[in-house]
Amino acid sequence: MNETHVKLSNFDAVVVGAGFAGMYMLHRLREAGFSTRVFESGAGVGGVWYWNRYPGARCDVESIYYNYMFSEELYKGWTWTHKYPDQTEILNYLNYVADTLDLRRDIQFETKITSAHYDEANKQWNIKTDKGNSLTAKYFITGVGCISASHIPKFTGLDSFKGEWYHTAHWPHKDVNFKNKKVGIIGTGSSGIQAIPVIAKKAAHLTVFQRTPQYSLPARNQPLDPEYVQNIKERFQEIRKDARASRNGYSLNATTLSTQEVTHEEREKKYEELWQMGGVGVVQLAFNNILTNEAANETCANFVKKKIQEIVKDPVIAEKLSPTYPIAAKRIVLDTDYYETYNRDNVTLVDVKKAPIIEVTPKGLRTTDEEYDLDILIFATGFDGMTGPLLRMDIRGKDGVSLKEKWENGSQTRTYLGIANAGFPNFFMITGPESPSVLGNVPVAIEQHVDWIANCLEYLKANRIETIEASKEAEEKWSRHCQEVAQNTLYVKTDSWYTGANIEGKPKRFPIYAGGYGTYREICDEIAIKNYEGFIFVGVPLEQN
Ligand code: NAP
């Protein structure tokens, strides 16, 4: 053992991350009587909502659904102010949960887990932190999120830049002063699209470096009527039931109507109605075949492109902002005044697909066309999604095999249910690769995983089972199933962080289960009912084996 590592203690469970996932995992494990320690790199709870403090940061799921739903009391004790909550309100909510459940006493903040190695002889995990702690745990559980490993493309010259630079996912905990500044932002995904309108109002000039345009729908965010909120609280049981059974983790009045059953005029009228209403309705509520049928998808995509052309006064800029891939093949973005921002005199849109960025210079950014002078450079360049947060730790299972080796660096990411890995006993991932997680309202996915894992650990304890591990066969079958389900979707037809295409050198693969939250929950429940079918137990008393 490295002598600088001071032995802390032995725990039943060590959990990584104190966001939505780690916080609830801690609560469930404590309730079940497992000694648990959570490690969190931030100075407070919140996970992505602790770090993503960029201007305009807001959730794209309605606040009434973006909650823990395991406790009616907890749900009713918090009152959201807006239809779509902003980062500050969500962080306040998570602090309210941490206070109510008295979570902080078991969380070690400002500490990263650097390695977790499985010790086969002692059937335990040997874990180390960047603060020199060394500890052991029977169970190692990650709640690291799917989009928490931020990514900065490898541009040369960043060190030479004389101005300030930031990544949206690691925004400083102080106000960044944009007044009289020339600001550049790279990236037009959810983060960029939210930040651009807010920064444009404050900066002297904003240059947006866009590689691929993204479809964005108006959120039409608004304060919530207290009477409506009260009514929702009273309907808690129904809301929870709907959210859990739904495809995306929130209740939607799904339509049975397809695009082919109506005339062009009726279709446009429907899209217009939902566009005016705001939110994801244009894509998710209008017709039942937009996500599965290419011709249907095109009617929706064309409607949004027509809107872009109506809003953006300069037709050349409108054209540059119009995507060419199917709508909703990437996570749909909700915005406030995004397209309108391009009518401002102080905003310039630069197409860096046509003229790629070559380097960061001391004065700004150089593309193949020209150099742009900047005082502040913002990277809204996203994340190494799904596998990134896990592979940034050195996790090793049996025979010292690392997760990176097992997943062949992401080209063969294989898990069982997105929860477990063959060769990694007593290791659980909350919303890991090949779970449905990011394709919906993530807190609902998290809660389902945490409940499943906590119930599983209680089962192991009750039956005196020492270790649980996914079988290779079950894992291969699940992974194959995920790939098959994905082939029937539009997600695999477009490059995005879903497929890993945004990371230089990352093999392309869609490591997400696209069969919907409700179906996935049924599959996981059935596996548990069948005494954890597909898992191998060690240490089962003979009479039960
Ligand atoms: P993202 O969707 O991956 O967008 C990254 C942007 O950076 C893209 O426009 C990308 O262009 C661009 N980019 C990356 N590398 C580049 C390069 N070398 N040169 C030029 N441009 C480059 O990341 P994100 O916006 O942070 O969003 C990621 C996910 O986080 C979302 O899909 C969503 O799930 C979640 N999120 C949610 C919210 C919310 O709840 N409202 C807010 C923020 C984020 P390409 O498209 O060409 O790669």
# chains A, B, ... in the order shown; residues from 1 in each chain; ligands from 1

$ select_by_dssp --residues "segment 14-245 of chain A" --states "strand (DSSP E or B)" --output "NGL selection string"
:A and (14-16 or 36-39 or 58 or 82 or 86 or 107-108 or 113-119 or 124-129 or 133-142 or 150 or 156 or 164-167 or 182-186 or 205-210 or 216-218 or 223)

$ residues_near_ligand --ligand "ligand 1" --cutoff "6 Å" --atoms "only C-alpha atoms and all ligand atoms" --output "list in words"
Arg58, Cys59, Asp60, Pro153, Ile186, Gly187, Thr188, Gly189, Ser190, Ser191, Gly192, Gln210, Arg211, Thr212, Arg331, Ala380, Thr381, Gly382, Phe383, Trp497 and Asn502 of chain A

$ closest_residue --among "A:Ala474, A:Ile358, A:Val350, A:Val283" --to "Ala301 of chain A" --atoms "only C-alpha atoms"
A:Val283

$ closest_atom_pairs --of "segment 437-506 of chain A" --to "segment 125-138 of chain A" --cutoff "12 Å" --atoms "only C-alpha atoms" --output "tab-separated table"
residue	atom	partner	partner_atom	distance
A:Leu457	CA	A:Lys138	CA	10.6
A:Leu460	CA	A:Lys138	CA	11.7
A:Lys461	CA	A:Lys138	CA	11.5
A:Ile465	CA	A:Lys138	CA	11.7
A:Glu466	CA	A:Lys138	CA	8.7
A:Thr467	CA	A:Lys138	CA	8.6
A:Ile468	CA	A:Lys138	CA	10.8

$ write_last_selection --atoms "N, CA, C and O atoms" --output "mmCIF file, in the first residue's frame"
data_model
loop_
_atom_site.group_PDB
_atom_site.id
_atom_site.type_symbol
_atom_site.label_atom_id
_atom_site.label_comp_id
_atom_site.auth_asym_id
_atom_site.auth_seq_id
_atom_site.Cartn_x
_atom_site.Cartn_y
_atom_site.Cartn_z
ATOM 1 N N LEU A 457 -29.274 -5.244 -2.302
ATOM 2 C CA LEU A 457 -28.347 -5.400 -1.169
ATOM 3 C C LEU A 457 -29.067 -5.962 0.055
ATOM 4 O O LEU A 457 -28.501 -6.761 0.809
ATOM 5 N N LEU A 460 -29.316 -9.629 -0.539
ATOM 6 C CA LEU A 460 -28.032 -10.318 -0.312
ATOM 7 C C LEU A 460 -27.797 -10.519 1.183
ATOM 8 O O LEU A 460 -27.385 -11.582 1.628
ATOM 9 N N LYS A 461 -28.098 -9.463 1.934
ATOM 10 C CA LYS A 461 -27.882 -9.513 3.383
ATOM 11 C C LYS A 461 -28.792 -10.575 4.001
ATOM 12 O O LYS A 461 -28.339 -11.430 4.775
ATOM 13 N N ILE A 465 -25.576 -13.759 1.258
ATOM 14 C CA ILE A 465 -24.805 -13.907 0.013
ATOM 15 C C ILE A 465 -23.646 -12.910 0.056
ATOM 16 O O ILE A 465 -23.858 -11.725 0.322
ATOM 17 N N GLU A 466 -22.441 -13.398 -0.202
ATOM 18 C CA GLU A 466 -21.279 -12.513 -0.063
ATOM 19 C C GLU A 466 -21.051 -11.612 -1.267
ATOM 20 O O GLU A 466 -20.738 -10.445 -1.141
ATOM 21 N N THR A 467 -21.174 -12.216 -2.456
ATOM 22 C CA THR A 467 -20.940 -11.388 -3.640
ATOM 23 C C THR A 467 -21.990 -11.661 -4.715
ATOM 24 O O THR A 467 -22.521 -12.767 -4.824
ATOM 25 N N ILE A 468 -22.215 -10.618 -5.506
ATOM 26 C CA ILE A 468 -23.126 -10.725 -6.648
ATOM 27 C C ILE A 468 -22.381 -10.179 -7.862
ATOM 28 O O ILE A 468 -21.636 -9.191 -7.752
#

$ residues_around --residues "Asp86 of chain A" --least-positions-apart "6" --cutoff "12 Å" --atoms "only C-alpha atoms" --output "PyMOL selection string"
chain A and resi 49-50+52-63+66+80+92-93+194+221-223

$ closest_atom_pairs --of "segment 64-171 of chain A" --to "segment 24-34 of chain A" --cutoff "9 Å" --atoms "only C-alpha atoms" --output "CSV"
residue,atom,partner,partner_atom,distance
A:Tyr68,CA,A:Tyr24,CA,8.4
A:Leu101,CA,A:His27,CA,7.2
A:Asp102,CA,A:His27,CA,8.9
A:Leu103,CA,A:His27,CA,7.2
A:Asp106,CA,A:Leu26,CA,8.0
A:Ile107,CA,A:Leu26,CA,8.8
A:Ile141,CA,A:Met25,CA,8.8
A:Gly143,CA,A:Met25,CA,8.2

$ residues_around --residues "Gly279 of chain A" --least-positions-apart "4" --cutoff "12 Å" --atoms "only C-alpha atoms" --output "mmCIF file with N, CA and C atoms, in the first residue's frame"
data_model
loop_
_atom_site.group_PDB
_atom_site.id
_atom_site.type_symbol
_atom_site.label_atom_id
_atom_site.label_comp_id
_atom_site.auth_asym_id
_atom_site.auth_seq_id
_atom_site.Cartn_x
_atom_site.Cartn_y
_atom_site.Cartn_z
ATOM 1 N N CYS A 59 -33.234 23.618 -16.280
ATOM 2 C CA CYS A 59 -33.592 22.252 -16.635
ATOM 3 C C CYS A 59 -34.599 22.234 -17.791
ATOM 4 N N ASP A 60 -34.534 21.181 -18.605
ATOM 5 C CA ASP A 60 -35.475 21.074 -19.722
ATOM 6 C C ASP A 60 -36.636 20.132 -19.389
ATOM 7 N N VAL A 61 -36.761 19.784 -18.109
ATOM 8 C CA VAL A 61 -37.912 18.974 -17.663
ATOM 9 C C VAL A 61 -38.710 19.849 -16.694
ATOM 10 N N GLU A 62 -40.027 19.752 -16.747
ATOM 11 C CA GLU A 62 -40.854 20.603 -15.882
ATOM 12 C C GLU A 62 -40.567 20.310 -14.410
ATOM 13 N N LYS A 83 -42.019 27.005 -14.114
ATOM 14 C CA LYS A 83 -42.322 25.790 -14.876
ATOM 15 C C LYS A 83 -41.044 24.990 -15.117
ATOM 16 N N TYR A 84 -39.987 25.671 -15.570
ATOM 17 C CA TYR A 84 -38.685 25.028 -15.750
ATOM 18 C C TYR A 84 -37.722 25.630 -14.725
ATOM 19 N N SER A 216 -34.052 23.690 -31.635
ATOM 20 C CA SER A 216 -34.432 24.158 -30.313
ATOM 21 C C SER A 216 -35.881 24.622 -30.337
ATOM 22 N N LEU A 217 -36.600 24.323 -29.285
ATOM 23 C CA LEU A 217 -38.017 24.694 -29.185
ATOM 24 C C LEU A 217 -38.165 25.713 -28.054
ATOM 25 N N PRO A 218 -39.127 26.640 -28.188
ATOM 26 C CA PRO A 218 -39.279 27.623 -27.098
ATOM 27 C C PRO A 218 -39.810 26.967 -25.828
ATOM 28 N N ALA A 219 -39.165 27.266 -24.709
ATOM 29 C CA ALA A 219 -39.619 26.688 -23.436
ATOM 30 C C ALA A 219 -40.897 27.388 -22.974
ATOM 31 N N ARG A 220 -40.971 28.677 -23.239
ATOM 32 C CA ARG A 220 -42.046 29.536 -22.715
ATOM 33 C C ARG A 220 -42.160 29.340 -21.210
ATOM 34 N N ASN A 221 -41.011 29.501 -20.597
ATOM 35 C CA ASN A 221 -40.941 29.348 -19.143
ATOM 36 C C ASN A 221 -41.764 30.453 -18.485
ATOM 37 N N GLN A 222 -42.367 30.139 -17.340
ATOM 38 C CA GLN A 222 -43.182 31.141 -16.650
ATOM 39 C C GLN A 222 -43.291 30.784 -15.173
ATOM 40 N N LEU A 252 -47.184 12.423 -19.992
ATOM 41 C CA LEU A 252 -47.559 13.174 -21.184
ATOM 42 C C LEU A 252 -48.847 12.574 -21.734
ATOM 43 N N TYR A 271 -48.827 21.424 -34.916
ATOM 44 C CA TYR A 271 -47.468 21.839 -34.543
ATOM 45 C C TYR A 271 -47.483 23.273 -33.980
ATOM 46 N N GLU A 273 -49.922 24.944 -32.550
ATOM 47 C CA GLU A 273 -50.544 24.955 -31.214
ATOM 48 C C GLU A 273 -49.507 24.579 -30.147
ATOM 49 N N LEU A 274 -48.755 23.526 -30.431
ATOM 50 C CA LEU A 274 -47.790 23.034 -29.445
ATOM 51 C C LEU A 274 -46.561 23.942 -29.356
ATOM 52 N N TRP A 275 -46.186 24.538 -30.478
ATOM 53 C CA TRP A 275 -45.076 25.514 -30.479
ATOM 54 C C TRP A 275 -45.445 26.690 -29.572
ATOM 55 N N VAL A 283 -42.474 17.823 -30.631
ATOM 56 C CA VAL A 283 -41.856 16.543 -30.984
ATOM 57 C C VAL A 283 -42.570 15.371 -30.320
ATOM 58 N N GLN A 284 -42.948 15.558 -29.062
ATOM 59 C CA GLN A 284 -43.422 14.386 -28.300
ATOM 60 C C GLN A 284 -44.942 14.231 -28.222
ATOM 61 N N LEU A 285 -45.679 15.316 -28.487
ATOM 62 C CA LEU A 285 -47.136 15.204 -28.308
ATOM 63 C C LEU A 285 -47.939 15.267 -29.597
ATOM 64 N N ALA A 286 -47.346 15.833 -30.635
ATOM 65 C CA ALA A 286 -48.129 16.097 -31.841
ATOM 66 C C ALA A 286 -48.604 14.797 -32.495
ATOM 67 N N ILE A 332 -33.584 17.035 -27.601
ATOM 68 C CA ILE A 332 -34.171 18.295 -28.046
ATOM 69 C C ILE A 332 -33.837 19.385 -27.023
ATOM 70 N N VAL A 333 -33.569 20.589 -27.518
ATOM 71 C CA VAL A 333 -33.199 21.690 -26.625
ATOM 72 C C VAL A 333 -34.412 22.593 -26.425
ATOM 73 N N LEU A 334 -34.580 23.095 -25.210
ATOM 74 C CA LEU A 334 -35.600 24.109 -24.937
ATOM 75 C C LEU A 334 -34.877 25.416 -24.663
ATOM 76 N N ASP A 335 -35.380 26.498 -25.250
ATOM 77 C CA ASP A 335 -34.662 27.763 -25.096
ATOM 78 C C ASP A 335 -35.582 28.912 -24.730
ATOM 79 N N THR A 336 -34.939 30.014 -24.402
ATOM 80 C CA THR A 336 -35.651 31.281 -24.221
ATOM 81 C C THR A 336 -34.961 32.289 -25.123
#

$ atom_distance --atom1 "atom CA of Leu377 of chain A" --atom2 "atom CA of Ile308 of chain A"
26.3 Å

$ closest_residue --among "A:Thr348, A:Ile512, A:Gly505, A:Lys330" --to "Asp314 of chain A" --atoms "only C-alpha atoms"
A:Thr348

$ closest_residue --among "A:Ile327, A:Leu206, A:Ala21, A:Ala420" --to "Asp375 of chain A" --atoms "only C-alpha atoms"
A:Leu206

$ residues_around --residues "Glu371 of chain A" --least-positions-apart "4" --cutoff "12 Å" --atoms "only C-alpha atoms" --output "MDAnalysis selection string"
chainID A and resid 184 207 350 355:367

$ residues_around --residues "segment 406-411 of chain A" --least-positions-apart "5" --cutoff "9 Å" --atoms "only C-alpha atoms" --output "list in words"
Thr387, Gly388, Leu391, Val401, Gly423, Gly500, Lys506, Pro507, Lys508, Arg509 and Pro511 of chain A

$ write_last_selection --atoms "N, CA and C atoms" --output "PDB file, in the first residue's frame"
ATOM      1  N   THR A 387     -19.788   6.756 -20.603  1.00  0.00           N
ATOM      2  CA  THR A 387     -18.646   6.005 -20.084  1.00  0.00           C
ATOM      3  C   THR A 387     -17.597   6.927 -19.448  1.00  0.00           C
ATOM      4  N   GLY A 388     -17.551   8.193 -19.910  1.00  0.00           N
ATOM      5  CA  GLY A 388     -16.493   9.121 -19.473  1.00  0.00           C
ATOM      6  C   GLY A 388     -16.322   9.225 -17.963  1.00  0.00           C
ATOM      7  N   LEU A 391     -14.826   5.975 -16.593  1.00  0.00           N
ATOM      8  CA  LEU A 391     -13.468   5.628 -17.022  1.00  0.00           C
ATOM      9  C   LEU A 391     -12.420   6.617 -16.516  1.00  0.00           C
ATOM     10  N   VAL A 401      -8.407  -6.608 -13.958  1.00  0.00           N
ATOM     11  CA  VAL A 401      -8.859  -6.070 -15.256  1.00  0.00           C
ATOM     12  C   VAL A 401      -9.620  -4.761 -15.029  1.00  0.00           C
ATOM     13  N   GLY A 423     -17.418  -9.742 -14.086  1.00  0.00           N
ATOM     14  CA  GLY A 423     -16.013  -9.572 -13.687  1.00  0.00           C
ATOM     15  C   GLY A 423     -15.818  -8.516 -12.609  1.00  0.00           C
ATOM     16  N   GLY A 500     -20.946   9.106 -28.777  1.00  0.00           N
ATOM     17  CA  GLY A 500     -19.523   9.322 -28.492  1.00  0.00           C
ATOM     18  C   GLY A 500     -18.797  10.027 -29.619  1.00  0.00           C
ATOM     19  N   LYS A 506     -12.877   8.533 -29.742  1.00  0.00           N
ATOM     20  CA  LYS A 506     -13.779   7.626 -29.006  1.00  0.00           C
ATOM     21  C   LYS A 506     -14.544   6.770 -30.011  1.00  0.00           C
ATOM     22  N   PRO A 507     -14.537   5.440 -29.813  1.00  0.00           N
ATOM     23  CA  PRO A 507     -15.265   4.602 -30.768  1.00  0.00           C
ATOM     24  C   PRO A 507     -16.759   4.908 -30.722  1.00  0.00           C
ATOM     25  N   LYS A 508     -17.393   4.886 -31.886  1.00  0.00           N
ATOM     26  CA  LYS A 508     -18.827   5.206 -31.921  1.00  0.00           C
ATOM     27  C   LYS A 508     -19.648   4.003 -31.492  1.00  0.00           C
ATOM     28  N   ARG A 509     -20.510   4.212 -30.527  1.00  0.00           N
ATOM     29  CA  ARG A 509     -21.417   3.173 -30.058  1.00  0.00           C
ATOM     30  C   ARG A 509     -22.528   3.887 -29.307  1.00  0.00           C
ATOM     31  N   PRO A 511     -24.515   3.574 -26.248  1.00  0.00           N
ATOM     32  CA  PRO A 511     -24.572   2.728 -25.050  1.00  0.00           C
ATOM     33  C   PRO A 511     -25.734   3.093 -24.131  1.00  0.00           C
TER      34      PRO A 511
END

$ residues_around --residues "Asp399 of chain A" --least-positions-apart "2" --cutoff "10 Å" --atoms "only C-alpha atoms" --output "ChimeraX atom specification"
/A:117-120,396-397,401-402,423-424

$ write_last_selection --atoms "N, CA and C atoms" --output "PDB file, in the first residue's frame"
ATOM      1  N   HIS A 117     -10.201  -0.912  -6.524  1.00  0.00           N
ATOM      2  CA  HIS A 117      -9.719  -2.214  -7.018  1.00  0.00           C
ATOM      3  C   HIS A 117     -10.370  -3.328  -6.217  1.00  0.00           C
ATOM      4  N   TYR A 118     -10.865  -4.332  -6.916  1.00  0.00           N
ATOM      5  CA  TYR A 118     -11.507  -5.443  -6.215  1.00  0.00           C
ATOM      6  C   TYR A 118     -10.455  -6.416  -5.706  1.00  0.00           C
ATOM      7  N   ASP A 119     -10.556  -6.719  -4.427  1.00  0.00           N
ATOM      8  CA  ASP A 119      -9.631  -7.647  -3.778  1.00  0.00           C
ATOM      9  C   ASP A 119     -10.366  -8.980  -3.650  1.00  0.00           C
ATOM     10  N   GLU A 120      -9.984  -9.927  -4.539  1.00  0.00           N
ATOM     11  CA  GLU A 120     -10.730 -11.189  -4.602  1.00  0.00           C
ATOM     12  C   GLU A 120     -10.583 -12.024  -3.334  1.00  0.00           C
ATOM     13  N   ARG A 396     -11.030  -1.424 -11.171  1.00  0.00           N
ATOM     14  CA  ARG A 396     -10.532  -2.743 -11.600  1.00  0.00           C
ATOM     15  C   ARG A 396     -11.280  -3.851 -10.884  1.00  0.00           C
ATOM     16  N   GLY A 397     -11.723  -4.836 -11.667  1.00  0.00           N
ATOM     17  CA  GLY A 397     -12.448  -5.961 -11.100  1.00  0.00           C
ATOM     18  C   GLY A 397     -11.535  -7.150 -10.859  1.00  0.00           C
ATOM     19  N   VAL A 401      -8.407  -6.608 -13.958  1.00  0.00           N
ATOM     20  CA  VAL A 401      -8.859  -6.070 -15.256  1.00  0.00           C
ATOM     21  C   VAL A 401      -9.620  -4.761 -15.029  1.00  0.00           C
ATOM     22  N   SER A 402      -9.215  -3.724 -15.751  1.00  0.00           N
ATOM     23  CA  SER A 402      -9.871  -2.427 -15.567  1.00  0.00           C
ATOM     24  C   SER A 402     -11.153  -2.359 -16.393  1.00  0.00           C
ATOM     25  N   GLY A 423     -17.418  -9.742 -14.086  1.00  0.00           N
ATOM     26  CA  GLY A 423     -16.013  -9.572 -13.687  1.00  0.00           C
ATOM     27  C   GLY A 423     -15.818  -8.516 -12.609  1.00  0.00           C
ATOM     28  N   PHE A 424     -16.906  -7.861 -12.198  1.00  0.00           N
ATOM     29  CA  PHE A 424     -16.798  -6.801 -11.181  1.00  0.00           C
ATOM     30  C   PHE A 424     -17.815  -7.068 -10.064  1.00  0.00           C
TER      31      PHE A 424
END

$ closest_residue --among "A:Ala296, A:Ile376, A:Cys146, A:Leu403" --to "Pro436 of chain A" --atoms "only C-alpha atoms"
A:Cys146

$ select_by_dssp --residues "segment 76-216 of chain A" --states "helix (DSSP H, G or I)" --output "ChimeraX atom specification"
/A:76,87-100,104-106,158-160,168-170,190-202
